[in-house]
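What follows is the content of protein-v3.cif, which has mmCIF, C-alpha atoms:
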data_my_file
loop_
_atom_site.group_PDB
_atom_site.id
_atom_site.type_symbol
_atom_site.label_atom_id
_atom_site.label_comp_id
_atom_site.auth_asym_id
_atom_site.auth_seq_id
_atom_site.Cartn_x
_atom_site.Cartn_y
_atom_site.Cartn_z
ATOM 1 C CA MET A 116 0.000 0.000 0.000
ATOM 2 C CA THR A 117 1.245 3.488 -0.857
ATOM 3 C CA HIS A 118 0.112 7.071 -0.305
ATOM 4 C CA GLN A 119 1.105 10.491 -1.666
ATOM 5 C CA ALA A 120 3.825 12.593 -0.031
ATOM 6 C CA ALA A 121 5.716 15.825 -0.748
ATOM 7 C CA TRP A 122 9.392 14.801 -0.828
ATOM 8 C CA ILE A 123 12.470 16.995 -0.550
ATOM 9 C CA LYS A 124 15.299 15.134 -2.300
ATOM 10 C CA ALA A 125 18.272 17.370 -1.387
ATOM 11 C CA PRO A 126 18.975 20.586 0.590
ATOM 12 C CA GLY A 127 17.238 23.561 -1.030
ATOM 13 C CA ASP A 128 15.282 21.445 -3.531
ATOM 14 C CA GLN A 129 11.678 22.121 -4.464
ATOM 15 C CA LEU A 130 9.164 19.614 -3.108
ATOM 16 C CA GLU A 131 8.227 16.723 -5.381
ATOM 17 C CA ILE A 132 4.928 14.864 -5.070
ATOM 18 C CA GLY A 133 5.327 11.106 -5.240
ATOM 19 C CA PRO A 134 4.305 7.784 -3.721
ATOM 20 C CA LYS A 135 5.532 6.528 -0.382
ATOM 21 C CA PRO A 136 5.004 3.081 1.146
ATOM 22 C CA THR A 137 2.479 3.362 3.951
ATOM 23 C CA PRO A 138 4.203 2.228 7.146
ATOM 24 C CA THR A 139 2.868 -0.163 9.722
ATOM 25 C CA PRO A 140 3.166 1.598 13.089
ATOM 26 C CA GLU A 141 5.587 0.054 15.551
ATOM 27 C CA ALA A 142 4.313 -1.091 18.942
ATOM 28 C CA HIS A 143 4.735 2.384 20.505
ATOM 29 C CA GLU A 144 3.366 4.373 17.536
ATOM 30 C CA LEU A 145 0.161 5.566 15.899
ATOM 31 C CA LEU A 146 -0.592 5.803 12.181
ATOM 32 C CA ILE A 147 -2.560 8.986 11.434
ATOM 33 C CA ARG A 148 -4.702 9.790 8.393
ATOM 34 C CA VAL A 149 -3.672 13.414 7.881
ATOM 35 C CA ASN A 150 -6.656 15.682 7.187
ATOM 36 C CA ARG A 151 -4.977 19.048 7.827
ATOM 37 C CA ILE A 152 -1.315 19.984 7.422
ATOM 38 C CA ALA A 153 -0.307 23.207 9.178
ATOM 39 C CA LEU A 154 2.337 25.067 7.163
ATOM 40 C CA ASN A 155 4.773 26.866 9.456
ATOM 41 C CA PRO A 156 7.436 29.499 8.666
ATOM 42 C CA ILE A 157 10.109 27.190 10.087
ATOM 43 C CA ASP A 158 9.166 24.622 7.407
ATOM 44 C CA ALA A 159 9.932 27.184 4.674
ATOM 45 C CA LYS A 160 13.276 28.035 6.292
ATOM 46 C CA LEU A 161 14.203 24.376 6.705
ATOM 47 C CA GLN A 162 13.640 23.877 2.979
ATOM 48 C CA LYS A 163 15.721 26.880 1.907
ATOM 49 C CA HIS A 164 18.512 26.553 4.481
ATOM 50 C CA GLN A 165 20.020 23.359 5.878
ATOM 51 C CA LEU A 166 19.471 24.411 9.495
ATOM 52 C CA PHE A 167 19.609 20.843 10.831
ATOM 53 C CA PRO A 168 21.748 17.938 9.566
ATOM 54 C CA TYR A 169 18.994 15.491 8.687
ATOM 55 C CA PRO A 170 19.166 12.906 5.876
ATOM 56 C CA TYR A 171 17.697 13.187 2.389
ATOM 57 C CA PRO A 172 15.331 12.370 0.836
ATOM 58 C CA ASN A 173 12.989 13.472 3.595
ATOM 59 C CA ILE A 174 9.471 14.736 4.223
ATOM 60 C CA LEU A 175 9.156 18.114 5.947
ATOM 61 C CA GLY A 176 6.354 19.354 8.204
ATOM 62 C CA ARG A 177 6.110 19.734 11.974
ATOM 63 C CA SER A 178 2.380 19.694 12.817
ATOM 64 C CA PHE A 179 -0.760 18.075 11.474
ATOM 65 C CA ALA A 180 -4.206 16.867 12.501
ATOM 66 C CA GLY A 181 -6.457 14.026 11.431
ATOM 67 C CA THR A 182 -7.797 10.676 12.620
ATOM 68 C CA VAL A 183 -6.111 7.588 14.023
ATOM 69 C CA GLU A 184 -5.846 4.919 11.330
ATOM 70 C CA ARG A 185 -3.948 2.219 13.255
ATOM 71 C CA VAL A 186 -2.782 1.775 16.847
ATOM 72 C CA GLY A 187 0.475 0.101 17.903
ATOM 73 C CA SER A 188 0.158 -2.907 20.186
ATOM 74 C CA ASP A 189 1.655 -1.125 23.218
ATOM 75 C CA VAL A 190 -0.275 2.139 22.861
ATOM 76 C CA LYS A 191 -2.878 2.955 25.520
ATOM 77 C CA GLY A 192 -5.562 5.630 25.461
ATOM 78 C CA PHE A 193 -6.075 5.863 21.679
ATOM 79 C CA THR A 194 -8.394 3.953 19.372
ATOM 80 C CA THR A 195 -9.001 3.860 15.629
ATOM 81 C CA GLY A 196 -11.076 6.854 14.545
ATOM 82 C CA ASP A 197 -9.936 9.238 17.314
ATOM 83 C CA ARG A 198 -9.579 12.845 16.143
ATOM 84 C CA VAL A 199 -6.067 14.027 16.996
ATOM 85 C CA ALA A 200 -3.424 16.723 16.498
ATOM 86 C CA CYS A 201 0.258 15.750 16.317
ATOM 87 C CA LEU A 202 3.603 17.483 16.780
ATOM 88 C CA ARG A 203 6.740 16.098 15.167
ATOM 89 C CA THR A 204 9.546 16.382 17.705
ATOM 90 C CA TYR A 205 13.081 17.427 16.804
ATOM 91 C CA LYS A 206 14.293 13.909 17.500
ATOM 92 C CA GLN A 207 11.922 12.707 14.760
ATOM 93 C CA LEU A 208 13.217 15.038 12.029
ATOM 94 C CA GLU A 209 15.495 12.307 10.693
ATOM 95 C CA ASP A 210 12.593 9.879 10.148
ATOM 96 C CA HIS A 211 10.387 10.792 7.170
ATOM 97 C CA ARG A 212 7.562 8.624 8.510
ATOM 98 C CA TYR A 213 6.810 11.448 10.996
ATOM 99 C CA GLY A 214 6.734 14.233 8.387
ATOM 100 C CA ALA A 215 3.476 16.178 8.094
ATOM 101 C CA PHE A 216 3.596 16.684 4.312
ATOM 102 C CA GLN A 217 1.925 13.384 3.436
ATOM 103 C CA GLN A 218 -1.460 11.678 3.520
ATOM 104 C CA LEU A 219 -0.580 9.138 6.238
ATOM 105 C CA ALA A 220 2.002 9.897 8.924
ATOM 106 C CA VAL A 221 3.321 8.250 12.073
ATOM 107 C CA SER A 222 3.153 9.859 15.514
ATOM 108 C CA THR A 223 3.763 8.814 19.107
ATOM 109 C CA PRO A 224 1.218 9.101 21.953
ATOM 110 C CA ASP A 225 3.352 11.586 23.894
ATOM 111 C CA ALA A 226 3.255 13.970 20.911
ATOM 112 C CA THR A 227 -0.430 13.499 20.104
ATOM 113 C CA VAL A 228 -3.407 15.429 21.457
ATOM 114 C CA LYS A 229 -6.830 13.784 21.461
ATOM 115 C CA LEU A 230 -9.591 16.158 20.285
ATOM 116 C CA ASP A 231 -13.317 16.205 20.845
ATOM 117 C CA GLU A 232 -15.844 16.556 18.016
ATOM 118 C CA THR A 233 -16.100 20.339 18.416
ATOM 119 C CA ALA A 234 -12.404 21.123 17.939
ATOM 120 C CA SER A 235 -11.250 22.435 14.559
ATOM 121 C CA LEU A 236 -8.638 20.171 12.985
ATOM 122 C CA ALA A 237 -6.996 23.175 11.330
ATOM 123 C CA GLY A 238 -6.855 25.066 14.614
ATOM 124 C CA ALA A 239 -5.562 22.049 16.494
ATOM 125 C CA ALA A 240 -2.787 21.526 13.932
ATOM 126 C CA SER A 241 -1.260 24.785 15.258
ATOM 127 C CA LEU A 242 -0.029 23.258 18.484
ATOM 128 C CA ILE A 243 2.236 24.467 21.243
ATOM 129 C CA LEU A 244 4.447 27.384 22.097
ATOM 130 C CA ASN A 245 6.256 27.399 25.432
ATOM 131 C CA ALA A 246 6.905 30.877 26.903
ATOM 132 C CA PRO A 247 8.882 31.826 30.033
ATOM 133 C CA ARG A 248 7.196 33.333 33.137
ATOM 134 C CA PRO A 249 8.426 36.907 33.655
ATOM 135 C CA GLU A 250 6.473 39.960 34.791
ATOM 136 C CA LYS A 251 6.484 41.712 31.417
ATOM 137 C CA ILE A 252 6.942 39.972 28.061
ATOM 138 C CA LEU A 253 7.478 41.432 24.613
ATOM 139 C CA VAL A 254 6.058 39.060 21.991
ATOM 140 C CA TYR A 255 7.128 40.365 18.589
ATOM 141 C CA GLY A 256 4.673 39.081 15.993
ATOM 142 C CA GLY A 257 1.343 38.828 17.811
ATOM 143 C CA SER A 258 -0.678 37.787 14.764
ATOM 144 C CA SER A 259 1.605 34.851 13.944
ATOM 145 C CA SER A 260 0.441 31.425 15.062
ATOM 146 C CA ALA A 261 3.247 31.062 17.628
ATOM 147 C CA GLY A 262 2.908 34.686 18.748
ATOM 148 C CA GLY A 263 -0.835 34.414 19.247
ATOM 149 C CA LEU A 264 -0.438 31.348 21.428
ATOM 150 C CA ALA A 265 2.373 32.979 23.427
ATOM 151 C CA ILE A 266 0.147 35.989 24.150
ATOM 152 C CA GLN A 267 -2.685 33.760 25.333
ATOM 153 C CA TYR A 268 -0.521 31.561 27.548
ATOM 154 C CA ALA A 269 1.147 34.517 29.260
ATOM 155 C CA ALA A 270 -1.880 36.839 29.501
ATOM 156 C CA ARG A 271 -4.080 34.116 30.986
ATOM 157 C CA ALA A 272 -1.365 33.426 33.553
ATOM 158 C CA GLY A 273 -1.587 37.065 34.654
ATOM 159 C CA TYR A 274 1.488 38.587 33.020
ATOM 160 C CA GLN A 275 1.697 41.889 31.181
ATOM 161 C CA VAL A 276 2.171 41.222 27.470
ATOM 162 C CA ILE A 277 3.324 43.821 24.953
ATOM 163 C CA THR A 278 3.063 42.703 21.334
ATOM 164 C CA THR A 279 3.092 43.902 17.738
ATOM 165 C CA SER A 280 0.594 43.671 14.903
ATOM 166 C CA SER A 281 -0.408 45.327 11.657
ATOM 167 C CA PRO A 282 -3.651 47.360 11.603
ATOM 168 C CA ALA A 283 -5.203 44.636 9.443
ATOM 169 C CA ASN A 284 -4.785 42.023 12.198
ATOM 170 C CA ARG A 285 -5.261 44.286 15.209
ATOM 171 C CA ALA A 286 -8.823 43.116 15.979
ATOM 172 C CA PHE A 287 -7.715 39.471 16.152
ATOM 173 C CA VAL A 288 -4.702 40.280 18.333
ATOM 174 C CA THR A 289 -6.796 42.519 20.614
ATOM 175 C CA ALA A 290 -9.085 39.548 21.324
ATOM 176 C CA LEU A 291 -6.062 37.663 22.723
ATOM 177 C CA GLU A 292 -5.888 40.272 25.530
ATOM 178 C CA PRO A 293 -2.371 41.702 25.441
ATOM 179 C CA ALA A 294 -1.744 44.812 27.528
ATOM 180 C CA GLN A 295 -0.489 46.852 24.564
ATOM 181 C CA ILE A 296 -0.236 46.468 20.767
ATOM 182 C CA ILE A 297 2.460 48.254 18.755
ATOM 183 C CA ASP A 298 1.876 48.884 15.031
ATOM 184 C CA HIS A 299 4.823 47.155 13.382
ATOM 185 C CA THR A 300 3.987 48.665 9.979
ATOM 186 C CA ALA A 301 5.206 52.071 11.196
ATOM 187 C CA SER A 302 8.739 53.209 10.376
ATOM 188 C CA PRO A 303 11.567 51.336 12.146
ATOM 189 C CA ASP A 304 12.373 54.449 14.177
ATOM 190 C CA ALA A 305 8.740 54.794 15.273
ATOM 191 C CA VAL A 306 8.517 51.110 16.230
ATOM 192 C CA LEU A 307 11.776 51.399 18.185
ATOM 193 C CA ALA A 308 10.418 54.403 20.080
ATOM 194 C CA GLU A 309 7.284 52.430 20.986
ATOM 195 C CA LEU A 310 9.345 49.445 22.124
ATOM 196 C CA GLN A 311 11.396 51.755 24.325
ATOM 197 C CA SER A 312 8.362 53.514 25.786
ATOM 198 C CA HIS A 313 6.732 50.265 26.914
ATOM 199 C CA GLY A 314 9.935 48.602 28.182
ATOM 200 C CA PRO A 315 11.988 47.396 29.840
ATOM 201 C CA TYR A 316 11.003 43.756 29.369
ATOM 202 C CA ASP A 317 11.847 40.779 31.525
ATOM 203 C CA THR A 318 11.806 38.559 28.436
ATOM 204 C CA ILE A 319 11.661 39.249 24.703
ATOM 205 C CA LEU A 320 10.324 36.585 22.345
ATOM 206 C CA ASP A 321 10.721 37.016 18.579
ATOM 207 C CA THR A 322 8.213 34.757 16.787
ATOM 208 C CA ILE A 323 9.064 36.094 13.299
ATOM 209 C CA GLY A 324 12.814 35.490 13.013
ATOM 210 C CA LEU A 325 13.453 37.654 9.928
ATOM 211 C CA PRO A 326 16.421 40.037 9.504
ATOM 212 C CA ALA A 327 14.293 43.207 9.710
ATOM 213 C CA VAL A 328 12.866 42.115 13.071
ATOM 214 C CA THR A 329 16.284 40.990 14.281
ATOM 215 C CA MET A 330 17.647 44.466 13.524
ATOM 216 C CA LEU A 331 14.825 46.190 15.447
ATOM 217 C CA ILE A 332 15.271 44.028 18.528
ATOM 218 C CA VAL A 333 19.045 44.449 18.393
ATOM 219 C CA ARG A 334 18.608 48.238 18.191
ATOM 220 C CA TYR A 335 16.306 48.156 21.213
ATOM 221 C CA LEU A 336 18.708 46.050 23.275
ATOM 222 C CA LYS A 337 21.717 48.158 22.249
ATOM 223 C CA SER A 338 19.843 51.252 23.455
ATOM 224 C CA ARG A 339 19.770 49.599 26.886
ATOM 225 C CA GLY A 340 23.429 48.606 26.834
ATOM 226 C CA GLY A 341 22.819 45.065 25.573
ATOM 227 C CA GLY A 342 20.751 42.100 26.651
ATOM 228 C CA LYS A 343 19.183 38.810 25.648
ATOM 229 C CA TYR A 344 16.192 37.773 23.556
ATOM 230 C CA HIS A 345 14.590 34.483 22.553
ATOM 231 C CA THR A 346 13.649 33.313 19.067
ATOM 232 C CA LEU A 347 12.042 30.257 17.486
ATOM 233 C CA THR A 348 14.326 30.094 14.432
ATOM 234 C CA PRO A 349 18.076 29.473 14.158
ATOM 235 C CA LEU A 350 20.336 32.325 13.086
ATOM 236 C CA MET A 351 20.660 32.491 9.301
ATOM 237 C CA ASP A 352 23.960 33.466 7.662
ATOM 238 C CA GLU A 353 22.728 36.889 6.550
ATOM 239 C CA GLU A 354 21.727 37.725 10.145
ATOM 240 C CA LYS A 355 25.057 36.941 11.828
ATOM 241 C CA PRO A 356 26.606 40.388 11.200
ATOM 242 C CA LEU A 357 23.534 41.995 12.819
ATOM 243 C CA ILE A 358 24.224 40.566 16.302
ATOM 244 C CA PRO A 359 26.799 42.567 18.322
ATOM 245 C CA ASP A 360 28.787 41.085 21.185
ATOM 246 C CA ASN A 361 26.560 42.652 23.864
ATOM 247 C CA VAL A 362 23.360 41.092 22.464
ATOM 248 C CA GLU A 363 22.606 37.405 23.050
ATOM 249 C CA ARG A 364 20.183 35.652 20.730
ATOM 250 C CA VAL A 365 18.791 32.482 22.318
ATOM 251 C CA TYR A 366 17.365 29.949 19.886
ATOM 252 C CA ALA A 367 14.932 27.850 21.920
ATOM 253 C CA PRO A 368 12.631 25.648 19.817
ATOM 254 C CA TYR A 369 9.592 24.668 21.854
ATOM 255 C CA GLY A 370 9.520 21.115 20.510
ATOM 256 C CA ALA A 371 13.010 20.451 21.825
ATOM 257 C CA ALA A 372 12.142 21.934 25.228
ATOM 258 C CA LEU A 373 9.106 19.694 25.580
ATOM 259 C CA SER A 374 11.213 16.633 24.777
ATOM 260 C CA GLN A 375 13.467 17.210 27.779
ATOM 261 C CA PRO A 376 12.861 14.773 30.677
ATOM 262 C CA ASP A 377 12.557 17.670 33.168
ATOM 263 C CA HIS A 378 9.517 18.937 31.230
ATOM 264 C CA ALA A 379 7.670 15.611 31.056
ATOM 265 C CA ASP A 380 4.929 16.730 33.452
ATOM 266 C CA LEU A 381 4.434 19.996 31.547
ATOM 267 C CA LYS A 382 4.202 18.133 28.249
ATOM 268 C CA LYS A 383 1.679 15.669 29.664
ATOM 269 C CA TRP A 384 -0.455 18.522 31.022
ATOM 270 C CA LEU A 385 -0.312 20.444 27.729
ATOM 271 C CA PHE A 386 -1.233 17.474 25.555
ATOM 272 C CA GLU A 387 -3.790 15.829 27.832
ATOM 273 C CA GLU A 388 -5.396 18.792 29.601
ATOM 274 C CA TYR A 389 -4.656 22.316 28.433
ATOM 275 C CA ILE A 390 -4.804 22.006 24.633
ATOM 276 C CA PRO A 391 -7.865 19.737 24.257
ATOM 277 C CA LYS A 392 -9.840 21.582 26.934
ATOM 278 C CA GLY A 393 -8.646 24.971 25.721
ATOM 279 C CA LEU A 394 -9.804 24.273 22.179
ATOM 280 C CA SER A 395 -13.161 22.831 23.216
ATOM 281 C CA THR A 396 -13.993 25.699 25.603
ATOM 282 C CA GLY A 397 -12.640 28.504 23.427
ATOM 283 C CA VAL A 398 -9.992 29.524 25.971
ATOM 284 C CA LEU A 399 -7.369 28.829 23.284
ATOM 285 C CA VAL A 400 -8.006 30.745 20.064
ATOM 286 C CA PRO A 401 -6.079 29.535 16.978
ATOM 287 C CA ASN A 402 -5.357 31.852 14.086
ATOM 288 C CA PRO A 403 -8.050 31.991 11.383
ATOM 289 C CA GLU A 404 -7.478 29.226 8.855
ATOM 290 C CA GLN A 405 -6.687 29.728 5.172
ATOM 291 C CA LEU A 406 -7.143 26.461 3.301
ATOM 292 C CA LEU A 407 -4.837 26.245 0.304
ATOM 293 C CA LYS A 408 -6.870 24.703 -2.515
ATOM 294 C CA GLY A 409 -5.341 21.943 -4.598
ATOM 295 C CA GLY A 410 -4.265 19.448 -1.967
ATOM 296 C CA ILE A 411 -0.750 18.209 -1.299
ATOM 297 C CA SER A 412 0.482 19.428 -4.708
ATOM 298 C CA GLN A 413 0.166 23.007 -3.385
ATOM 299 C CA THR A 414 2.463 22.473 -0.392
ATOM 300 C CA GLN A 415 5.430 24.043 -2.184
ATOM 301 C CA HIS A 416 3.319 27.072 -3.134
ATOM 302 C CA GLY A 417 2.344 27.448 0.522
ATOM 303 C CA LEU A 418 5.980 27.341 1.693
ATOM 304 C CA ASP A 419 6.866 29.979 -0.899
ATOM 305 C CA MET A 420 4.076 32.217 0.422
ATOM 306 C CA LEU A 421 5.464 31.922 3.951
ATOM 307 C CA TYR A 422 9.086 32.471 2.957
ATOM 308 C CA GLU A 423 8.185 35.528 0.880
ATOM 309 C CA GLU A 424 5.988 36.915 3.717
ATOM 310 C CA ARG A 425 2.808 36.896 1.613
ATOM 311 C CA LEU A 426 0.610 35.824 4.519
ATOM 312 C CA SER A 427 -0.223 37.544 7.789
ATOM 313 C CA GLY A 428 -2.633 36.817 10.619
ATOM 314 C CA ARG A 429 -3.873 33.518 9.181
ATOM 315 C CA LYS A 430 -2.788 29.893 9.464
ATOM 316 C CA LEU A 431 -2.089 28.296 6.105
ATOM 317 C CA VAL A 432 -3.292 24.691 5.984
ATOM 318 C CA VAL A 433 -3.509 21.954 3.367
ATOM 319 C CA ASP A 434 -5.877 19.000 2.979
ATOM 320 C CA PRO A 435 -3.558 16.323 1.516
ATOM 321 C CA TRP A 436 -6.520 14.258 0.247
ATOM 322 C CA GLU A 437 -8.138 17.047 -1.756
#
For the file at hand, write its structure as structure tokens.
Amino acid sequence: MTHQAAWIKAPGDQLEIGPKPTPTPEAHELLIRVNRIALNPIDAKLQKHQLFPYPYPNILGRSFAGTVERVGSDVKGFTTGDRVACLRTYKQLEDHRYGAFQQLAVSTPDATVKLDETASLAGAASLILNAPRPEKILVYGGSSSAGGLAIQYAARAGYQVITTSSPANRAFVTALEPAQIIDHTASPDAVLAELQSHGPYDTILDTIGLPAVTMLIVRYLKSRGGGKYHTLTPLMDEEKPLIPDNVERVYAPYGAALSQPDHADLKKWLFEEYIPKGLSTGVLVPNPEQLLKGGISQTQHGLDMLYEERLSGRKLVVDPWE
């Protein structure tokens, strides 16, 4: 038995649609019929830049949602037909069976959230962002999927959140309840002045990871004599000259953090309690979905849209069976 997948054959290659043998899940695994693929900016950067040394050919994609097709013999708590959302961990990047850009993918129970009938599969495919716990947080990129979740996690925990948004997405970001929204479409000098007026910040989280944002955050930190900020994407070659010695850029991917043994209880709570209940009660609000018509063959087009910054305030998703 085979199914369709979007393969990347070598670093920097365009995706190619082709058949893939459908795997039988091992004893500790689940086989998922993928109904929604969430396209993430990190996926576009992984295609263009070899940020991690994983083997080729491979299948990209970090998060997806669908229904359980088969259950490994040792798996407890899941049955065929369950609606689920899955996160591919960094340890699984080397194994193309876990890639989201295909019609049938493998997951493990500890990276799978069970959903009720009311939860949106597209919304659930935008999974987890782990933020620190300071008094005041700057989340740069409030209308991004990761930024929106960071705002919600921190604001609902009682912290003061300052964020950025364009006027077009301001209504959505306002509903997430940050303390202040800065218009990031203003001139760089105007944005810097706003960042300075609302600071200082206990923690800065950059959810965009592009050179223009890097430069703004570096300028802010330099104005304070230096400092540290967190980001979800590794430093690209063109950004290295932008970081002075007195500014520390901390790359902290949330998937890797959740895989650490010390965070096992947090991961269990997120996957079994917070995310499913948050989605069903409306406490967690995912970004509005934009379904890319044309099925899995349009995955490359979607990555190009993300890399070229042609999407804002919406979550781009694909139905691989369309």
Residues of range 265-303 of chain A within 8 Å of range 256-259 of chain A: nearest atom pair and distance (Å, one decimal) for each, counting only C-alpha atoms, sorted by chain and number, as a Markdown table?
| residue | atom | partner | partner_atom | distance |
| --- | --- | --- | --- | --- |
| A:Ile266 | CA | A:Gly257 | CA | 7.0 |
| A:Thr278 | CA | A:Gly257 | CA | 5.5 |
| A:Thr279 | CA | A:Gly256 | CA | 5.4 |
| A:Ser280 | CA | A:Gly257 | CA | 5.7 |
| A:Asn284 | CA | A:Ser258 | CA | 6.4 |
| A:Arg285 | CA | A:Ser258 | CA | 8.0 |
| A:Phe287 | CA | A:Ser258 | CA | 7.4 |
| A:Val288 | CA | A:Ser258 | CA | 5.9 |
Could those selected residues go to a file with C-alpha atoms, as a short mmCIF file (atom, residue, chain, number, x, y, z; two decimals), in the frame of the given file?
data_model
loop_
_atom_site.label_atom_id
_atom_site.label_comp_id
_atom_site.auth_asym_id
_atom_site.auth_seq_id
_atom_site.Cartn_x
_atom_site.Cartn_y
_atom_site.Cartn_z
CA ILE A 266 0.15 35.99 24.15
CA THR A 278 3.06 42.70 21.33
CA THR A 279 3.09 43.90 17.74
CA SER A 280 0.59 43.67 14.90
CA ASN A 284 -4.78 42.02 12.20
CA ARG A 285 -5.26 44.29 15.21
CA PHE A 287 -7.72 39.47 16.15
CA VAL A 288 -4.70 40.28 18.33
#
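Picked out by the PyMOL selection byres ((chain A and resi 318) around 8) when it runs on this file: Pro247, Pro249, Lys251, Ile252, Leu253, Tyr316, Asp317, Ile319, Leu320, Lys343, Tyr344 and His345 of chain A.
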Point to revise | Point-to-point distance in Å for CA of Glu250 in chain A and CA of Pro315 in chain A | key: 10.5 Å
For range 400-416 of chain A, I'd like the enclosing box, axis-aligned and padded by 3 Å on every side, reported as lines of an AutoDock Vina configuration file with centre and edge lengths in Å to one decimal.
center_x = -1.3
center_y = 25.1
center_z = 7.7
size_x = 19.5
size_y = 19.8
size_z = 30.8
Point to revise | CA of Val362 in chain A to CA of Arg339 in chain A, distance in Å rounded to a single decimal | key: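 The value is 10.2 Å.
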Check your understanding: Got a sec to resolve the PyMOL selection byres ((chain A and resi 357) around 8) on this structure and send the residues as number ranges by chain?
Key -> A: 329-330, 333, 354-356, 358-359
Review point. Given the choices A:Ser412, A:Gln267, A:Thr348, A:Gln405, which gets closest to Asp158 in chain A if the distance is worked out from all atoms listed in the file?
Key: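 Of all the options, A:Thr348 lies closest to Asp158 in chain A.
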**Study point:** Matched chain/residue IDs from the PyMOL selection byres ((chain A and resi 140-142) around 7), as a PyMOL selection string
**Key:** chain A and resi 138-139+143-146+187-190+221
Practice item. Compile the contact shell of Thr227 in chain A as a list in words: residues with an atom at most 8 Å away, counting only C-alpha atoms, same-chain residues fewer than 6 positions apart removed. Key: Val199, Ala200, Cys201, Leu202 and Phe386 of chain A
Review point. Smallest atom-to-atom distance to Pro172 in chain A: which of A:Lys160, A:Lys124, A:Arg364, A:Arg425, using all atoms listed in the file?
Key: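 Residue with the minimum atom-to-atom distance to Pro172 in chain A: A:Lys124.
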Practice item. Give the answer as one residue: which of A:Lys430, A:Arg271, A:His299, A:His378 has the shortest atom-to-atom distance to Leu399 in chain A, using all atoms listed in the file? Key: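 Closest candidate: A:Arg271.
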**Study point:** Protein/DNA/RNA residues near (-9.7, 3.6, 19.3), cut 12 Å, all atoms listed in the file, as a ChimeraX atom specification
**Key:** /A:145-147,182-188,190-199,229
Exercise for review: Point out the residue among A:Ala261, A:Ile132, A:Leu154, A:Val328 with the least atom-to-atom distance to Pro368 in chain A, counting all atoms listed in the file.
Suggested key: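 For Pro368 in chain A, the nearest of the given residues is A:Ala261.
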Review point. Nearest to Asp298 in chain A: which of A:Pro168, A:Gly428, A:Gly263, A:Pro282 is it, counting only C-alpha atoms?
Key: A:Pro282
Practice item. To one decimal in Å, tell me the separation between CA of Glu232 in chain A and CA of Arg151 in chain A. Key: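 Going from CA of Glu232 in chain A over to CA of Arg151 in chain A, I get 15.1 Å.
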**Study point:** Residue contacts of Gly176 in chain A (9 Å, all atoms listed in the file) excluding same-chain residues fewer than 6 positions away, as a list in words
**Key:**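 Here the qualifying residues turn out to be Ile152, Ala153, Leu154, Asn155, Ile157, Asp158, Arg203, Leu208, Tyr213, Gly214, Ala215, Phe216 and Gln217 of chain A.
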Residues at most 12 Å from Leu407 in chain A, counting all atoms listed in the file, excluding those fewer than 2 positions away in the same chain, as a PDB file with C-alpha atoms, keeping the file's coordinate frame?
ATOM      1  CA  ARG A 151      -4.977  19.048   7.827  1.00  0.00           C
ATOM      2  CA  ILE A 152      -1.315  19.984   7.422  1.00  0.00           C
ATOM      3  CA  ALA A 153      -0.307  23.207   9.178  1.00  0.00           C
ATOM      4  CA  LEU A 154       2.337  25.067   7.163  1.00  0.00           C
ATOM      5  CA  ALA A 237      -6.996  23.175  11.330  1.00  0.00           C
ATOM      6  CA  GLU A 404      -7.478  29.226   8.855  1.00  0.00           C
ATOM      7  CA  GLN A 405      -6.687  29.728   5.172  1.00  0.00           C
ATOM      8  CA  GLY A 409      -5.341  21.943  -4.598  1.00  0.00           C
ATOM      9  CA  GLY A 410      -4.265  19.448  -1.967  1.00  0.00           C
ATOM     10  CA  ILE A 411      -0.750  18.209  -1.299  1.00  0.00           C
ATOM     11  CA  SER A 412       0.482  19.428  -4.708  1.00  0.00           C
ATOM     12  CA  GLN A 413       0.166  23.007  -3.385  1.00  0.00           C
ATOM     13  CA  THR A 414       2.463  22.473  -0.392  1.00  0.00           C
ATOM     14  CA  GLN A 415       5.430  24.043  -2.184  1.00  0.00           C
ATOM     15  CA  HIS A 416       3.319  27.072  -3.134  1.00  0.00           C
ATOM     16  CA  GLY A 417       2.344  27.448   0.522  1.00  0.00           C
ATOM     17  CA  LEU A 418       5.980  27.341   1.693  1.00  0.00           C
ATOM     18  CA  MET A 420       4.076  32.217   0.422  1.00  0.00           C
ATOM     19  CA  LEU A 426       0.610  35.824   4.519  1.00  0.00           C
ATOM     20  CA  ARG A 429      -3.873  33.518   9.181  1.00  0.00           C
ATOM     21  CA  LYS A 430      -2.788  29.893   9.464  1.00  0.00           C
ATOM     22  CA  LEU A 431      -2.089  28.296   6.105  1.00  0.00           C
ATOM     23  CA  VAL A 432      -3.292  24.691   5.984  1.00  0.00           C
ATOM     24  CA  VAL A 433      -3.509  21.954   3.367  1.00  0.00           C
ATOM     25  CA  ASP A 434      -5.877  19.000   2.979  1.00  0.00           C
ATOM     26  CA  PRO A 435      -3.558  16.323   1.516  1.00  0.00           C
ATOM     27  CA  GLU A 437      -8.138  17.047  -1.756  1.00  0.00           C
TER      28      GLU A 437
END
